[in-house]
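Accompanying notes for the structure given below.
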Amino acid sequence: MTSARRGNPVLLGSAGLAGLLLLLELLPRLGLVDERFLPPTSRIASALADEVSTAVFWQSLGDTLYAWAAGLLIAVVAGVLAGLVIGSVPVLRALTASTVEFLRPIPSVALIPLAVLLYGTDLGSTLLLVCYASFWQVLVQVLYGVADVDPVAEETARSFRFSAWGRVRYVLWPTALPYVFTGFRLAASVALVLAITAELVIGSPGLGKDIATAQASDAVPTMYALIVVTGALGVIINLLTRTGERRLLAWHQSVRGEVAV
Amino acid sequence: MDILKKAGLAIALPIVLFAGWFWLSDGSENFYSPPLRTILTAFGDTWTLERLRTDVAPSLLRLLAGFLLAALIGIGLGVAIGLNRRLRAVLEPVLEFFRAIPPPVLVPVIMLFAGIGDGMKVIVIVFGCIWPILLNTVEGVRATDSVVLDTARAYGVTGPARLTRVILPSASPQIAAGLRQALSIAIILMVISEMFASSNGLGFTIVQFQRSFAIPEMWSGIILLGLLGFALSLLFRLAERWALRWYEGLRAAQRRAG
Amino acid sequence: MLEVKGLRKVYSSGSREVEALRDLTFTVDNGDLVCLVGPSGCGKTTLLRCISGLLTPTSGSVRVNGDAVTGPPPGMAVVFQEYGRSLFPWMSVRDNVELPLKQKKVDRARRRELVDTALDAVGLSGTASAYPWQLSGGMQQRVAIARAVAYEPETLLMDEPFAAVDAQTRADLEDLVRSLWQRLKVTVLFVTHDIDEAVYLGRRVVMLSSSPTVVQDELVVDLPAERDQLNTRADPRFVELRTRVYEQIQKAKKAAVR
Amino acid sequence: MLEVKGLRKVYSSGSREVEALRDLTFTVDNGDLVCLVGPSGCGKTTLLRCISGLLTPTSGSVRVNGDAVTGPPPGMAVVFQEYGRSLFPWMSVRDNVELPLKQKKVDRARRRELVDTALDAVGLSGTASAYPWQLSGGMQQRVAIARAVAYEPETLLMDEPFAAVDAQTRADLEDLVRSLWQRLKVTVLFVTHDIDEAVYLGRRVVMLSSSPTVVQDELVVDLPAERDQLNTRADPRFVELRTRVYEQIQKAKKAAVR
Amino acid sequence: GSDKDSSSSGGSSGGVDNVTVGVIPIIDVAPIYLGQSKGFFKSRNIELKLEAGQGGAAIVPGVVSNQFQFGFSNLTSLMIAQTKNVPVKAIAAGVSTTGEQGKDFGALVVKAGSPIKTAKDLVGKKVSVNTLKNIGDTATRNSVRKAGGDDKAVNFVEMPFPNMQAALEKGDIDAAWVVEPQLSAIKATGGTEIASTYVDVDPKLNVAAYFTSQKLIADKPDLVKRFTEAINESLTYSDAHPDEVRQILSTYTKIDDKTRAAVVLPKWPVEINKASVQTLADLGTKDGIFASSPDLGKLLP
Ligand SMILES: Nc1ncnc2c1ncn2[C@@H]1O[C@H](COP(=O)(O)OP(=O)(O)OP(=O)(O)O)[C@@H](O)[C@H]1O
Ligand SMILES: Nc1ncnc2c1ncn2[C@@H]1O[C@H](COP(=O)(O)OP(=O)(O)OP(=O)(O)O)[C@@H](O)[C@H]1O
Ligand SMILES: [Mg+2]
Ligand SMILES: [Mg+2]
């Protein structure tokens, strides 16, 4: 009703992105950075146009997206399940806390030799790294979400003798859902980051490998074009997540606030 | 008694896992996964006090600087974005854009602007670990109870006090979740940033071990990273406990058996 | 039968220790309707939470039909004082009322019937599809009541359930509880701070002292079983009983002011 | 002077449209004490939120001393119906009461005095250092009242502020509000669903109809200014007035049942 | 996990061996791509699959675990592996210096107008290499010593080749040890070469080699033999047909046409020059890169 005053979010978002592109165009044009190292938007765009017209690019994009989606799916399912189980059983929580904290900061990149050892440059390698990194994102968020259950709501469920499953399904899950969404959004981009990094370093096919090639070949505009593709993927993924969030979290304070005056 | 039990629970699983690892790997012939026994020996030989001073200390300093800076920027920006719908609409795609770019790809670009010193490494850390803080702060701020907000408004709790006394405390549980996550990401990025243009540091040392095929030493470095992460998260947990005692109390009050 | 014996509850969080209940003993027969009155903060909610197995007492015991209560006993429904927070904000009013029935594995048709009847009885048939946070305070409270009523419990615990509704609705709800009690032979334990309500509703009234709490007095309401708002409240015996309860409470409060 | 003119409020979220207020017009003179009664869900809370500038009406206007209300006007204190959620769980009782005073830049000594007096007046002097969630429902509500009282407002809006306290405390609090009103010449708008309370407290009673809501009737309470719980309530004029209010509300409810 | 070597890679079907080779997408490995396109491998019943990653991090573990059957690596790295008893063995030459001062495919460069004229001037300065404690810094130290400077006083920093030009121009580093195609790019913008480090080590220096695991040598000697023949044929062919090399670059790198025509191509002799490798080994030992001096008899074919 008041969207005119507030502005259309899509429009505003596009304005934000346009501002970024303009800045990238101006920085080298004004001589603030050397355009050989950071080419202006227009040059990147033309390199991007060249890339887009090749079949190899779409093949790489497909490979990256596949690794991303598969890894993310595994990580989210595993993270949510583990989070709900660990979070709702205090003993398990105490038991696993130290191990989780130990494993979490181990960088995926340090695991590359291990991954290659197990899977070579197959999809398996990338998946291993993607899953490892994004699993923790989801897990930690879900753990915090489970801890956030309103005691009165929890007791209401207990007093009506909800089954364990009922409590998870109807109380724990909805409370944790906003956290799951944050976790999902974090994991989605971490998965993308890792998918590309793995391809970059190991050389399994995908955008990352193309970036590595462009880098090694001093093809700077092409490299940036591919980076832009990565970023654009991130924006699209976020857009989709947001849409899902608005549908599933209509009841939540954070979303509710957008409806009330 | 209670503390003893907690400590017992905390170390039980690691002990089991390490014992399992030790036992399973004992006869390992594989060059890349040597027996844990060898790794532990290497650990003692590698991580001497001198090593800790020259390699671990600088890493830790960069890590802390990066983490604190990320916390500062992340919370500040997060609050602003969480409170202002229009700002959120404008910035969200841009932020999502940067969030999706892998740090290893971005390092060269950052190097362009920040050179190759510690500054570059700190920026890389900030760049990578700011996201969970930012996202959680935004969500936490947006989720502030409407009655709480109304109360604050009605009593003229506005301006800075609204921020420090109402918005931030109310969002603090979720901000803590973000900080916690950022901490381990910061460690990961510490390693990544030291893979480029570096001549000391924990990450550099591990990568160096890996390249020079000192595999037991490399594993010992990874274990050290894990230990470091564990220690830092323990510290963080203590700080969180203290800062969020109201929240823990609130949650625990009605749960505790007596 | 519901037996409370030597019940004591001390809350201790940090340095603060509160002896909410000192020593409570009383019984409620099956099919009885007992009202519980007592000054604010004397431990009525605490008592109800102990009875419903949500809180472990410090000492003493609660038995339902001979079995010690360790968790929520089957067939018990509770209306919480914090009605607003006891409703699930992520579900519509209908779903909130229906969910416990689903958990009880009531079949779909019967569920629909129970939900509709209950919502109708509390005057909310028009708002079944709204979310709880779209309702007024009193409406929310009535949803919580409808949920308990639809559940068809054997034992019904209600913690100041009519606090947020207007006088007329309150009278209607009082009659609803009485008719439910008579029709289904539910055992009802009803916490209220309204003395008239306690006498009008109850077959017995249990009066609690100020904190540290003991049973101050008990009283059988020997009014006819058929009661109505106009005549019963005008009955001289009613006035007599309410005066008695009032005096006891006064006494309890006096004792507290040392 | 508080003027409400042609106030209309329609909630619309998604497909659901609720006309909470249809057309309200009334005024409250400075220093007046007006009680607002009406059936549950008729829009009392909505009205209060519009007056306090927390909610923008769909049409119509609210003026305080001639100025249109767009945000919370200075010198106004509100006691929310959702008392539990309106207290900040991260602050102790004392801090909760003190924070608005800090915002008002009351100096430290005076603040301390005001807080102590207010907490004492509501009978909570012993629990100043507890967190709100360590208190019983009635105690929480009294904290919210103490907060409003300590604020020394010019205008005081109270939304069913005594719903969760026992009869005796309620009587004490009623007298507290009256004495405050007489002593400080505060303008009070008091929402209640207890007809006796409305008549006992108010200088005027405004009765609202069922939703969609208009002003059903107004009534000046011509009881002597000096009131006390025993004599006033026994006054035949009191009984007469309360019957009149009761009848109007009945009529309002009847009209609603189409 | 090293015992699952009969999966698609490394397996054979109908007498054709599927072989995966781990390479780096740089000019050095052009022969294997060229050989692939010329059918040198197919004619020996080898179905070749080339995996190109950013760095060597994945190649050695890949070969050791038989995920790759062969790999490409510089000899210093291979010698480090040898001293650590990594079970690998070189089987064919990879790439060699051109042997011409000022016209090699790797060199030390400074930016235009730099006061640094010779390697000797690097004392006390910052020099970038792509990997510390590897061929880059040994070779550079050697050049500094040869020019009469104290190599201990040179500060090395690590950074990827593509970053060096920018760092050089910004003054973050004083000199860069860099290879093609970045070398041409820097020279094109006025950068000057102050030493041809590979040539300084040995005019016939073998820089890199193809290698495999000792297990594969033991299990499938025939495959190793055929692969070596194919790679040798490729090397010879490449050395003789520079234009085709420049052409093949466009298929696996993104080097633009102008640079492709301009870059200095390395030499691809078939023989591994043992003496030059020994020199490299001695230099590395002197600089403390190896824990013990490498046993070339075990490493080289
Ligand atoms: N946020 C909201 N969204 C949609 N409808 C709302 C919202 N808040 C209130 N309503 C509706 O507006 C009407 C009036 O609500 P309000 O809370 O003002 O009533 P009230 O008079 O305070 O009732 P009570 O005495 O029960 O507290 C109700 O029908 C309610 O369902
Ligand atoms: N979680 C808690 N931690 C510490 N003290 C508590 C807690 N809950 C309740 N108390 C204390 O226990 C006492 C009894 O509280 P309870 O809620 O049972 O009172 P009540 O009789 O229900 O009061 P009311 O009528 O005001 O709701 C109070 O003094 C309160 O401060
Ligand atoms: Mg209570
Ligand atoms: Mg209300």
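If you're wondering about the labels, chains in the structure tokens are A, B, ... by order shown, residues count from 1 in each chain, ligands from 1 in order shown.
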Distance limit 9 Å, reference ligand 2, atoms considered: only C-alpha atoms and all ligand atoms. Which residues make the cut? Give them as a PyMOL selection string.
(chain B and resi 249-250+252-256) or (chain C and resi 9-13+16-21+37-49+81+159-160+191-193+208+210-213) or (chain D and resi 127+130-142+164-166)
Give me the residues within 9 Å of D:Pro73 as a PyMOL selection string, counting only C-alpha atoms and dropping any in the same chain fewer than 5 places off.
(chain B and resi 154+156) or (chain D and resi 52-53+64)
Residue subset to file, keeping N, CA and C atoms, as a tab-separated table (two decimals), in the first residue's frame:
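Result file is selection_12.tsv:
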```tsv
chain	number	residue	atom	x	y	z
B	154	ALA	N	7.44	4.39	23.20
B	154	ALA	CA	6.50	5.09	24.05
B	154	ALA	C	7.21	5.82	25.19
B	156	GLY	N	10.12	7.07	25.05
B	156	GLY	CA	11.16	7.97	24.55
B	156	GLY	C	12.55	7.38	24.62
D	52	SER	N	-1.20	6.75	21.46
D	52	SER	CA	0.20	6.90	21.87
D	52	SER	C	1.11	7.06	20.66
D	53	GLY	N	0.53	7.12	19.47
D	53	GLY	CA	1.34	7.37	18.29
D	53	GLY	C	2.15	6.18	17.83
D	64	VAL	N	-3.04	15.88	20.82
D	64	VAL	CA	-2.71	16.08	22.23
D	64	VAL	C	-2.36	17.55	22.39
```
Would you kindly return, as a PyMOL selection string, each protein, DNA or RNA residue with an atom no farther than 9 Å from any atom of C:Asp228, considering only C-alpha atoms and excluding same-chain residues fewer than 3 positions away?
chain C and resi 175+200+231-233
Expected file contents, prior selection, all heavy atoms, as a PDB file, in the first residue's frame:
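Here's the written file part_23.pdb:
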```pdb
ATOM      1  N   ASP C 175     -19.394 -20.001  32.917  1.00  0.00           N
ATOM      2  CA  ASP C 175     -20.454 -20.976  32.739  1.00  0.00           C
ATOM      3  C   ASP C 175     -20.006 -22.112  31.826  1.00  0.00           C
ATOM      4  O   ASP C 175     -20.381 -23.267  32.024  1.00  0.00           O
ATOM      5  CB  ASP C 175     -21.713 -20.289  32.189  1.00  0.00           C
ATOM      6  CG  ASP C 175     -22.315 -19.351  33.234  1.00  0.00           C
ATOM      7  OD1 ASP C 175     -22.039 -19.580  34.441  1.00  0.00           O
ATOM      8  OD2 ASP C 175     -23.007 -18.396  32.870  1.00  0.00           O
ATOM      9  N   TYR C 200     -17.924 -18.587  42.956  1.00  0.00           N
ATOM     10  CA  TYR C 200     -18.973 -18.899  41.999  1.00  0.00           C
ATOM     11  C   TYR C 200     -18.681 -20.209  41.277  1.00  0.00           C
ATOM     12  O   TYR C 200     -19.548 -21.046  41.066  1.00  0.00           O
ATOM     13  CB  TYR C 200     -19.101 -17.767  40.975  1.00  0.00           C
ATOM     14  CG  TYR C 200     -20.111 -18.069  39.886  1.00  0.00           C
ATOM     15  CD1 TYR C 200     -21.478 -18.002  40.160  1.00  0.00           C
ATOM     16  CD2 TYR C 200     -19.714 -18.434  38.611  1.00  0.00           C
ATOM     17  CE1 TYR C 200     -22.410 -18.292  39.175  1.00  0.00           C
ATOM     18  CE2 TYR C 200     -20.633 -18.722  37.624  1.00  0.00           C
ATOM     19  CZ  TYR C 200     -21.979 -18.649  37.904  1.00  0.00           C
ATOM     20  OH  TYR C 200     -22.911 -18.948  36.934  1.00  0.00           O
ATOM     21  N   ASN C 231     -28.607 -15.160  40.009  1.00  0.00           N
ATOM     22  CA  ASN C 231     -29.125 -15.596  41.299  1.00  0.00           C
ATOM     23  C   ASN C 231     -28.038 -16.035  42.273  1.00  0.00           C
ATOM     24  O   ASN C 231     -28.068 -15.679  43.443  1.00  0.00           O
ATOM     25  CB  ASN C 231     -30.123 -16.736  41.090  1.00  0.00           C
ATOM     26  CG  ASN C 231     -31.298 -16.245  40.267  1.00  0.00           C
ATOM     27  OD1 ASN C 231     -31.742 -15.102  40.437  1.00  0.00           O
ATOM     28  ND2 ASN C 231     -31.780 -17.067  39.346  1.00  0.00           N
ATOM     29  N   THR C 232     -27.078 -16.794  41.754  1.00  0.00           N
ATOM     30  CA  THR C 232     -26.062 -17.300  42.674  1.00  0.00           C
ATOM     31  C   THR C 232     -25.304 -16.156  43.333  1.00  0.00           C
ATOM     32  O   THR C 232     -25.080 -16.165  44.550  1.00  0.00           O
ATOM     33  CB  THR C 232     -25.068 -18.195  41.914  1.00  0.00           C
ATOM     34  OG1 THR C 232     -25.813 -19.200  41.225  1.00  0.00           O
ATOM     35  CG2 THR C 232     -24.093 -18.845  42.873  1.00  0.00           C
ATOM     36  N   ARG C 233     -24.929 -15.180  42.540  1.00  0.00           N
ATOM     37  CA  ARG C 233     -24.157 -14.080  43.109  1.00  0.00           C
ATOM     38  C   ARG C 233     -24.969 -13.262  44.098  1.00  0.00           C
ATOM     39  O   ARG C 233     -24.406 -12.552  44.920  1.00  0.00           O
ATOM     40  CB  ARG C 233     -23.627 -13.174  41.993  1.00  0.00           C
ATOM     41  CG  ARG C 233     -22.456 -13.815  41.243  1.00  0.00           C
ATOM     42  CD  ARG C 233     -21.902 -12.894  40.203  1.00  0.00           C
ATOM     43  NE  ARG C 233     -21.064 -13.619  39.248  1.00  0.00           N
ATOM     44  CZ  ARG C 233     -19.729 -13.663  39.317  1.00  0.00           C
ATOM     45  NH1 ARG C 233     -19.106 -13.021  40.257  1.00  0.00           N
ATOM     46  NH2 ARG C 233     -19.056 -14.362  38.428  1.00  0.00           N
TER      47      ARG C 233
END
```
Within 7 Å of chain E, which residues belong to chain B? Use only C-alpha atoms and report them as a VMD selection string.
chain B and resid 31 108 112 115 to 116 196 to 199 211 to 213
Fewer than 6 positions away in the same chain doesn't count, so skip those; otherwise give me all residues within 10 Å of D:Glu197, counting only C-alpha atoms, as a PyMOL selection string.
chain D and resi 35+37+162+170-171+174+190-191+233+242
Could you save those same residues with N, CA, C and O atoms as a PDB file, in the first residue's frame?
```
ATOM      1  N   CYS D  35     -12.136   6.136  32.135  1.00  0.00           N
ATOM      2  CA  CYS D  35     -12.019   4.691  31.983  1.00  0.00           C
ATOM      3  C   CYS D  35     -12.711   4.281  30.692  1.00  0.00           C
ATOM      4  O   CYS D  35     -13.763   4.814  30.334  1.00  0.00           O
ATOM      5  N   VAL D  37     -14.258   1.115  28.674  1.00  0.00           N
ATOM      6  CA  VAL D  37     -14.654  -0.293  28.750  1.00  0.00           C
ATOM      7  C   VAL D  37     -15.271  -0.705  27.423  1.00  0.00           C
ATOM      8  O   VAL D  37     -15.758   0.129  26.665  1.00  0.00           O
ATOM      9  N   PHE D 162      -4.277  -4.187  35.592  1.00  0.00           N
ATOM     10  CA  PHE D 162      -4.354  -4.980  36.820  1.00  0.00           C
ATOM     11  C   PHE D 162      -4.860  -6.391  36.547  1.00  0.00           C
ATOM     12  O   PHE D 162      -5.262  -7.111  37.451  1.00  0.00           O
ATOM     13  N   ARG D 170      -4.953  -5.538  43.675  1.00  0.00           N
ATOM     14  CA  ARG D 170      -5.669  -4.744  42.705  1.00  0.00           C
ATOM     15  C   ARG D 170      -6.304  -3.520  43.363  1.00  0.00           C
ATOM     16  O   ARG D 170      -6.180  -2.397  42.861  1.00  0.00           O
ATOM     17  N   ALA D 171      -6.923  -3.749  44.475  1.00  0.00           N
ATOM     18  CA  ALA D 171      -7.528  -2.639  45.213  1.00  0.00           C
ATOM     19  C   ALA D 171      -6.463  -1.611  45.584  1.00  0.00           C
ATOM     20  O   ALA D 171      -6.650  -0.405  45.414  1.00  0.00           O
ATOM     21  N   GLU D 174      -5.451   0.283  42.527  1.00  0.00           N
ATOM     22  CA  GLU D 174      -6.483   1.241  42.131  1.00  0.00           C
ATOM     23  C   GLU D 174      -6.337   2.532  42.940  1.00  0.00           C
ATOM     24  O   GLU D 174      -6.353   3.642  42.390  1.00  0.00           O
ATOM     25  N   PHE D 190      -7.729   4.862  31.011  1.00  0.00           N
ATOM     26  CA  PHE D 190      -7.558   3.581  31.680  1.00  0.00           C
ATOM     27  C   PHE D 190      -8.473   2.542  31.033  1.00  0.00           C
ATOM     28  O   PHE D 190      -9.694   2.666  31.088  1.00  0.00           O
ATOM     29  N   VAL D 191      -7.883   1.556  30.396  1.00  0.00           N
ATOM     30  CA  VAL D 191      -8.699   0.496  29.784  1.00  0.00           C
ATOM     31  C   VAL D 191      -8.895  -0.624  30.781  1.00  0.00           C
ATOM     32  O   VAL D 191      -7.942  -1.058  31.427  1.00  0.00           O
ATOM     33  N   ARG D 233     -17.842   1.386  47.154  1.00  0.00           N
ATOM     34  CA  ARG D 233     -18.472   0.259  46.468  1.00  0.00           C
ATOM     35  C   ARG D 233     -19.841  -0.075  47.060  1.00  0.00           C
ATOM     36  O   ARG D 233     -20.656  -0.747  46.414  1.00  0.00           O
ATOM     37  N   ARG D 242     -22.883   1.296  37.980  1.00  0.00           N
ATOM     38  CA  ARG D 242     -22.298   0.084  37.413  1.00  0.00           C
ATOM     39  C   ARG D 242     -23.343  -0.715  36.647  1.00  0.00           C
ATOM     40  O   ARG D 242     -23.053  -1.343  35.623  1.00  0.00           O
TER      41      ARG D 242
END
```
Neighbour list for stretch 91-95 of chain B as a ChimeraX atom specification, cut-off 8 Å, only C-alpha atoms, skip fewer than 6 positions in-chain:
/A:13-14,16-17,20,235,238
Within 10 Å of E:Asn45, counting only C-alpha atoms, which residues show up once you throw out same-chain ones fewer than 3 positions away? Write them as a PyMOL selection string, please.
chain E and resi 12+14-18+39-42+48+223+226-227
Show me which bits of chain A are within 12 Å of chain E, counting only C-alpha atoms, as a VMD selection string.
chain A and resid 33 to 38 47 50 to 51 56 109 to 122 124 to 125 196 to 223
Every residue of stretch 49-246 of chain D that DSSP places in helix (DSSP H, G or I), as number ranges by chain
D: 49-51, 83-86, 93-103, 108-121, 125-127, 132-134, 137-150, 167-184, 195-201, 229-234, 236-246
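Reported to one decimal place, the separation of atom CA of B:Leu13 from atom CA of B:Ser233 is 17.1 Å.
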Strand (DSSP E) positions in stretch 66-135 of chain C, given as a PyMOL selection string:
chain C and resi 67-68+76-79
Residues at most 8 Å from B:Ala152, counting only C-alpha atoms, excluding those fewer than 6 positions away in the same chain, as a ChimeraX atom specification?
/B:158,162,166
Please report as JSON lines every residue of chain B lying within 6 Å of chain A, along with the nearest atom pair and their distance in Å (one decimal), using only C-alpha atoms.
```
{"residue": "B:Leu9", "atom": "CA", "partner": "A:Leu95", "partner_atom": "CA", "distance": 4.9}
{"residue": "B:Ala10", "atom": "CA", "partner": "A:Leu95", "partner_atom": "CA", "distance": 5.3}
{"residue": "B:Pro14", "atom": "CA", "partner": "A:Thr99", "partner_atom": "CA", "distance": 5.9}
{"residue": "B:Ala89", "atom": "CA", "partner": "A:Pro9", "partner_atom": "CA", "distance": 5.0}
{"residue": "B:Val90", "atom": "CA", "partner": "A:Gly13", "partner_atom": "CA", "distance": 4.3}
{"residue": "B:Leu91", "atom": "CA", "partner": "A:Gly16", "partner_atom": "CA", "distance": 5.8}
{"residue": "B:Pro93", "atom": "CA", "partner": "A:Val235", "partner_atom": "CA", "distance": 5.5}
{"residue": "B:Val94", "atom": "CA", "partner": "A:Leu17", "partner_atom": "CA", "distance": 5.6}
{"residue": "B:Glu96", "atom": "CA", "partner": "A:Val235", "partner_atom": "CA", "distance": 5.2}
{"residue": "B:Phe97", "atom": "CA", "partner": "A:Gly231", "partner_atom": "CA", "distance": 4.2}
{"residue": "B:Ala100", "atom": "CA", "partner": "A:Gly234", "partner_atom": "CA", "distance": 4.8}
{"residue": "B:Ile101", "atom": "CA", "partner": "A:Gly231", "partner_atom": "CA", "distance": 5.6}
{"residue": "B:Pro102", "atom": "CA", "partner": "A:Val193", "partner_atom": "CA", "distance": 4.4}
{"residue": "B:Arg142", "atom": "CA", "partner": "A:Ser254", "partner_atom": "CA", "distance": 4.6}
{"residue": "B:Ala143", "atom": "CA", "partner": "A:Ser254", "partner_atom": "CA", "distance": 4.4}
{"residue": "B:Ser184", "atom": "CA", "partner": "A:Pro105", "partner_atom": "CA", "distance": 4.4}
{"residue": "B:Ile187", "atom": "CA", "partner": "A:Pro105", "partner_atom": "CA", "distance": 5.8}
{"residue": "B:Ile188", "atom": "CA", "partner": "A:Pro107", "partner_atom": "CA", "distance": 4.7}
{"residue": "B:Gly226", "atom": "CA", "partner": "A:Phe102", "partner_atom": "CA", "distance": 4.4}
{"residue": "B:Leu227", "atom": "CA", "partner": "A:Phe102", "partner_atom": "CA", "distance": 5.9}
{"residue": "B:Gly229", "atom": "CA", "partner": "A:Pro105", "partner_atom": "CA", "distance": 5.5}
{"residue": "B:Phe230", "atom": "CA", "partner": "A:Phe102", "partner_atom": "CA", "distance": 4.8}
```
Can you spit out the residues from that selection as a PDB file, in the first residue's frame, using C-alpha atoms?
```
ATOM      1  CA  LEU B   9      31.417 -35.014  28.601  1.00  0.00           C
ATOM      2  CA  ALA B  10      33.457 -32.488  26.678  1.00  0.00           C
ATOM      3  CA  PRO B  14      37.467 -36.397  21.321  1.00  0.00           C
ATOM      4  CA  ALA B  89      16.901  -3.279  -0.432  1.00  0.00           C
ATOM      5  CA  VAL B  90      19.709  -1.228  -1.952  1.00  0.00           C
ATOM      6  CA  LEU B  91      22.629  -3.013  -0.373  1.00  0.00           C
ATOM      7  CA  PRO B  93      22.276  -7.566  -3.848  1.00  0.00           C
ATOM      8  CA  VAL B  94      25.658  -5.852  -3.695  1.00  0.00           C
ATOM      9  CA  GLU B  96      25.311 -10.949  -1.847  1.00  0.00           C
ATOM     10  CA  PHE B  97      27.430 -10.352  -4.888  1.00  0.00           C
ATOM     11  CA  ALA B 100      29.596 -15.283  -3.401  1.00  0.00           C
ATOM     12  CA  ILE B 101      33.117 -14.504  -4.558  1.00  0.00           C
ATOM     13  CA  PRO B 102      35.637 -16.975  -3.182  1.00  0.00           C
ATOM     14  CA  ARG B 142      14.560  -7.444  12.385  1.00  0.00           C
ATOM     15  CA  ALA B 143      13.236  -9.999  14.839  1.00  0.00           C
ATOM     16  CA  SER B 184      35.997 -20.321  12.795  1.00  0.00           C
ATOM     17  CA  ILE B 187      40.704 -19.072  11.251  1.00  0.00           C
ATOM     18  CA  ILE B 188      40.105 -20.605   7.849  1.00  0.00           C
ATOM     19  CA  GLY B 226      41.690 -27.520  15.400  1.00  0.00           C
ATOM     20  CA  LEU B 227      43.041 -27.026  18.900  1.00  0.00           C
ATOM     21  CA  GLY B 229      39.747 -23.200  17.058  1.00  0.00           C
ATOM     22  CA  PHE B 230      38.612 -25.118  20.085  1.00  0.00           C
TER      23      PHE B 230
END
```
Separation of atom CA of A:Gly79 from atom CA of A:Val180, in Å and rounded to one decimal:
9.4 Å
Ranking D:Val221, D:Ala163, D:Lys104, D:Asp194 by minimum distance to ligand 3 and counting only C-alpha atoms and all ligand atoms, which one comes first?
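For ligand 3, the nearest of the given residues is D:Ala163.
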Within 7 Å of chain B, which residues of chain C are there when counting only C-alpha atoms? Please give them as a PDB file with N, CA and C atoms, in the first residue's frame.
```pdb
ATOM      1  N   TYR C  11      13.495 -21.640  44.012  1.00  0.00           N
ATOM      2  CA  TYR C  11      14.180 -21.233  42.789  1.00  0.00           C
ATOM      3  C   TYR C  11      15.529 -20.697  43.179  1.00  0.00           C
ATOM      4  N   LEU C  55       7.801 -28.853  36.057  1.00  0.00           N
ATOM      5  CA  LEU C  55       8.822 -28.334  36.953  1.00  0.00           C
ATOM      6  C   LEU C  55       9.046 -29.408  38.012  1.00  0.00           C
ATOM      7  N   THR C  56      10.290 -29.663  38.351  1.00  0.00           N
ATOM      8  CA  THR C  56      10.558 -30.651  39.379  1.00  0.00           C
ATOM      9  C   THR C  56      10.592 -29.955  40.734  1.00  0.00           C
ATOM     10  N   PRO C  57       9.780 -30.409  41.670  1.00  0.00           N
ATOM     11  CA  PRO C  57       9.794 -29.743  42.973  1.00  0.00           C
ATOM     12  C   PRO C  57      11.112 -30.001  43.700  1.00  0.00           C
ATOM     13  N   THR C  58      11.449 -29.091  44.617  1.00  0.00           N
ATOM     14  CA  THR C  58      12.658 -29.271  45.408  1.00  0.00           C
ATOM     15  C   THR C  58      12.484 -30.451  46.362  1.00  0.00           C
TER      16      THR C  58
END
```
